[in-house]
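Q: So that we are looking at the same thing, I have put the structure below in structure tokens.
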2 protein chains.
Amino acid sequence: MNPNLDKFVMTAAERPPLPPAERAQFLHRIAETVEALGEPLIELCSAETALASDRLRGERARTVNQLRMFADLVEEGSWVDARIDTALPDRKPVPKPDLRRILRPLGPVAVFSASNFPLAFSVAGGDTASALAAGNPVVVKPHPGHPGTSRLVGQAVSAAAEQSGAGNWTFHLLDDSSVEAGAALVQHPAIRGVSFTGSLPAGRALFDLAARRPEPIPVFAEMGCLNPLVVLPGALRARGEAIVRALTGSVTVGVGQFCTKPGLVLGLTGAELDGFCQQLGAALEQVPPGQMLYPGIADRFEASLQGVAEFSSHAGGGHLLRADSRAFRDHPKLREEIFGPATLVVGCDDEADLLQTLRGLAGQLTATVHLEPAEFAAGGPLIEILQLKAGRLIVNGYPTGVEVCPSMQHGGPYPATTDPRFTSVGTAAIQRFARPVCYQNFPENLLPPELRDRNARGIWRLINGQLTKDHVGGSTPAAG
Amino acid sequence: MNPNLDKFVMTAAERPPLPPAERAQFLHRIAETVEALGEPLIELCSAETALASDRLRGERARTVNQLRMFADLVEEGSWVDARIDTALPDRKPVPKPDLRRILRPLGPVAVFSASNFPLAFSVAGGDTASALAAGNPVVVKPHPGHPGTSRLVGQAVSAAAEQSGAGNWTFHLLDDSSVEAGAALVQHPAIRGVSFTGSLPAGRALFDLAARRPEPIPVFAEMGCLNPLVVLPGALRARGEAIVRALTGSVTVGVGQFCTKPGLVLGLTGAELDGFCQQLGAALEQVPPGQMLYPGIADRFEASLQGVAEFSSHAGGGHLLRADSRAFRDHPKLREEIFGPATLVVGCDDEADLLQTLRGLAGQLTATVHLEPAEFAAGGPLIEILQLKAGRLIVNGYPTGVEVCPSMQHGGPYPATTDPRFTSVGTAAIQRFARPVCYQNFPENLLPPELRDRNARGIWRLINGQLTKDHVGGSTPAAG
């Protein structure tokens, strides 16, 4: 079907992974070649996506930071979760063998570029960086919305592969961004894992294709959700205006085209919530209209708003919808993500109704609670429920702005993602693309370097149940 | 459909998980109540499964050891992979929030009992122990082959729940062991994860049901495979007789009813391999016939042998099949697991043919290589391929006998399992049933205890990228 892909992926599937130092060098080199694309990349990308140059410069910084973060992670080396249980030849009733375990690459990974992050979750974005960091060859399916950006960045990655000696079997950019090309990629027998950022229907379609393969493969699809934000009465009284201001920003930043956009605000029905809605509606009305990424996305936004037109309250550069908790429960459309600058305020009768409404929510990437110290006790049961629903909980903040660090969890129960056990942002994203291999009674020189007695790389290892940087046998390696 | 299940699982889904100390107490108590069932359990189980009492006593020891191992893991506490990144309020261009992340339970888990481990992978087996250890309520679907054993052990677990104060919402044994009851369980909206040990068709059917749910859930199915064992010529010459003896044991132990039974032996065609096959065939013939677990399993074993009758070489209590590598490639039946005391020796023309044959293998739980020190260099490319195929690699040993420890990986690429990123044996099995949750800008007293500044439990935490047992802020907790 696609001879270029076949040739790449069949070769890639059989090559041993790059050693960690070379992998890190490759990632560093990608960061450099992407940076070297300079302003022409920003200009082209802005023309293709309608995103402002400043935002794209920020996104480029995030992209190269991610590449360098994964390079550092691989160089430090402890991410492989090395475990060593030494033999007990005299154990009764049977001797205990020597067992050592490490994370190895999963195999060729298919990365689907996102529309709304043309740099940070596209050709050289977080999915590519984490899959390469784990030692996997990567095939990227470009997004049709920014073909020139994809081509430029793809060339930069290929140049980095050549310059760093990583080899041309480590990275492949499909020259076809069609739905059919994506479907064929997920079904390719040599592909071992998939990552995706985008809409629920598209993510689910890829998940279904992967699950129906003769050999099913894992799909990490990060899709859509509401990102509920609860405002308790004390917080509304104490800083209602500040919440209106910051929430307006969070709903409309990037023309509302973030997967973490707060699309649902929950409060207790009453005069205070009415006043808050008035202020929020007025603030959203005053936001200057922004251009969405692509005409198709703008059309879908309009269609989504049409579907809930009866709940429309204020419209401008940002849109406010209002409903009570009964309407929210009765109208499925109100519980669907509206991708764009719109949010829905739902008034609940009382705290019991609020808890009940939260219990009825599907899976979420984030959930936010605004509350005052006097309300911490009341917040407990609420947080207990939200922990079941979301991957990231925020107190007195806003969900947009996803920090890239070890503690980040960007993933949650379906439909937020297809597997809540993983994250697509932060260092833990590497875990999506690795699998453990155990070596039993291996001679030292056939073991992977990280599992040999001598801890040459000075990584953390679990030796006989104790986490340590010692060599096997106990002597501490020289600091370095 | 099943009001008892509905009632249990709907309650279970909303209860906060037991605190770690209580969880550990529950697991310890299960070990005690299972032990207290004494010889009547062994006798009943032996009558139901045709397994010898000694084997079952050993399996009971493994079962209670697993329960205690997970209790210890939960009490020690570091398994939650706590990560803390403290705030940088002055960072430019935007402040860095405080982010803290921990593993939490996935939600109600469905455990499918295995036929071949009526204790260690059944009602109170490794899947139940690891799912409970992670804080999940568990529903067990009993295996129809050992109903009395399941009932006794189920009562022991329920008694332990009551005695330890864990509550009756932590464990539920289905009173229906039918295929339909299992299918309904996997499709129950409140179930959040599934573990299964058994045949490929049954495991795949559950995987498909789970993938087709409105909200798909992860399935960890440990199914069938060949467990290839390669014998290089030097090893054959140096210790052919010892290999024949031990391999005969590994093929026929437990009447060949282990998922790690070596079902495929690969060597280089020639007089030495012929001699080895003669010896192995004679040894397998002499094994006394054993009774299989259930009539259905014996029938399937016979049918499997019939399907490859033309390759039959020796038959007795153990069966030997022989084929060359071409026949192995051409006959799909030769590449299917034969569950029972049989193994297939495949002769390859030369080393290139051997490597080619290995490249053509599907996913495996284990892969074994017998080689002499002089053959280590030749073993390199072979191991390179086997690492892509299997979860556990063994040098100069045998795959049966799965050690329960942190370094174990009992899982491999499909069809060995449905997700090679996880293991069903060893402490890491707990990771199947947990998902990370991140807490952003949380006040100290709303955080889970493990994420508070003070490291009260003295667990390992990754604080600002450094693994430490310190409190946040740097002071070391008192040793204890």
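Chains: A, B, ... in order of the structure tokens. Residues: from 1 per chain. Ligands: from 1, in order shown.
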Would you pick out the contacts of A:Pro381 at 12 Å or less, using only C-alpha atoms, so that residues sharing its chain but fewer than 5 positions from it are not included, and give the list as a list in words?
A: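 Once the adjacent positions are removed, what remains is Glu351, Ala352, Leu354, Leu355, Gln356, Leu358, Arg359, Val369, Glu375, Phe376, Leu386, Gln387 and Leu388 of chain A; Glu14, Arg15, Pro16 and Leu446 of chain B.
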Q: Determine, counting only C-alpha atoms, which protein, DNA and RNA residues have an atom within 10 Å of an atom of A:Ala315; residues of the same chain fewer than 4 positions away are not included. Present the result as a list in words.
A: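 Answer for this query is Gly281, Ala282, Ala283, Leu284, Glu285, Gln286, Val287, His319, Leu320, Leu321, Pro341 and Ala342 of chain A.
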Q: Save the residues we just selected, C-alpha atoms, as a JSON list (two decimals), in the first residue's frame?
A:
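Okay, selection-v5.json is ready:
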```
[["chain", "number", "residue", "atom", "x", "y", "z"],
["A", 281, "GLY", "CA", -21.32, 36.73, 30.23],
["A", 282, "ALA", "CA", -20.44, 40.39, 29.90],
["A", 283, "ALA", "CA", -16.72, 39.62, 30.07],
["A", 284, "LEU", "CA", -17.01, 36.86, 27.43],
["A", 285, "GLU", "CA", -19.02, 39.17, 25.18],
["A", 286, "GLN", "CA", -16.27, 41.73, 25.29],
["A", 287, "VAL", "CA", -13.51, 39.35, 24.22],
["A", 319, "HIS", "CA", -19.89, 32.37, 24.58],
["A", 320, "LEU", "CA", -21.78, 31.67, 27.78],
["A", 321, "LEU", "CA", -24.40, 28.98, 28.13],
["A", 341, "PRO", "CA", -14.39, 29.73, 23.27],
["A", 342, "ALA", "CA", -17.56, 28.71, 25.11]]
```
Q: Could you pull out the helix (DSSP H, G or I) residues of stretch 162-301 of chain B from DSSP and send them as JSON, numbers by chain?
A: {"B": [162, 163, 164, 179, 180, 181, 182, 183, 184, 185, 186, 187, 200, 201, 202, 203, 204, 205, 206, 207, 208, 209, 210, 211, 233, 234, 235, 236, 237, 238, 239, 240, 241, 242, 243, 244, 245, 246, 247, 248, 249, 250, 251, 252, 253, 254, 255, 256, 271, 272, 273, 274, 275, 276, 277, 278, 279, 280, 281, 282, 283, 284, 285, 286, 295, 296, 297, 298, 299, 300, 301]}
Q: Do a neighbour search on stretch 86-90 of chain A at 9 Å with only C-alpha atoms, toss out local chain neighbours closer than 6 positions, and write the hits as a list in words.
A: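 Once the nearby chain positions are removed, what remains is Lys96, Pro97, Asp98, Leu99, Arg100, Asn441, Ile463, Asn464 and Val472 of chain A.
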Q: Produce a file of the selected residues containing C-alpha atoms, as a JSON list (two decimals), in the first residue's frame.
A:
```json
[["chain", "number", "residue", "atom", "x", "y", "z"],
["A", 96, "LYS", "CA", 15.87, -18.91, 43.48],
["A", 97, "PRO", "CA", 17.24, -17.89, 40.07],
["A", 98, "ASP", "CA", 18.90, -14.56, 39.34],
["A", 99, "LEU", "CA", 16.26, -12.24, 37.81],
["A", 100, "ARG", "CA", 16.78, -8.77, 36.38],
["A", 441, "ASN", "CA", 20.23, -16.40, 34.97],
["A", 463, "ILE", "CA", 18.24, -4.50, 44.22],
["A", 464, "ASN", "CA", 16.64, -7.24, 46.33],
["A", 472, "VAL", "CA", 25.29, -5.43, 43.03]]
```
Q: Counting only C-alpha atoms, what are the residues of stretch 2-110 of chain B within 10 Å of stretch 216-238 of chain B, and for each of them which pair of atoms is the nearest and at what distance in Å, to one decimal? Sort the table by chain and rising number, as a tab-separated table.
A:
```
residue	atom	partner	partner_atom	distance
B:Leu106	CA	B:Pro218	CA	10.0
B:Val109	CA	B:Val219	CA	9.8
B:Ala110	CA	B:Val219	CA	9.3
```
Q: Check the smallest atom-to-atom distance from each of A:Pro289, A:Gly426, A:Gly458, A:Gly465 to A:Met69 using only C-alpha atoms, then report the winner.
A: A:Gly426
Q: Atom CA of B:Ala129 and atom CA of B:Leu67, how far apart in Å?
A: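 Taking atom CA of B:Leu67 and atom CA of B:Ala129, their separation equals 5.5 Å.
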Q: Could you pull the residues within 12 Å of B:Thr11, counting only C-alpha atoms, minus those fewer than 2 positions along the same chain, as a list in words?
A: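 Listing them by chain and then by number gives Asn4, Leu5, Asp6, Lys7, Phe8, Val9, Ala13, Glu14, Arg15, Pro16, Pro17, Gly107, Pro108, Pro137, Gly167, Asn168, Trp169, Thr170, Phe171, His172, Ala190 and Ile191 of chain B.
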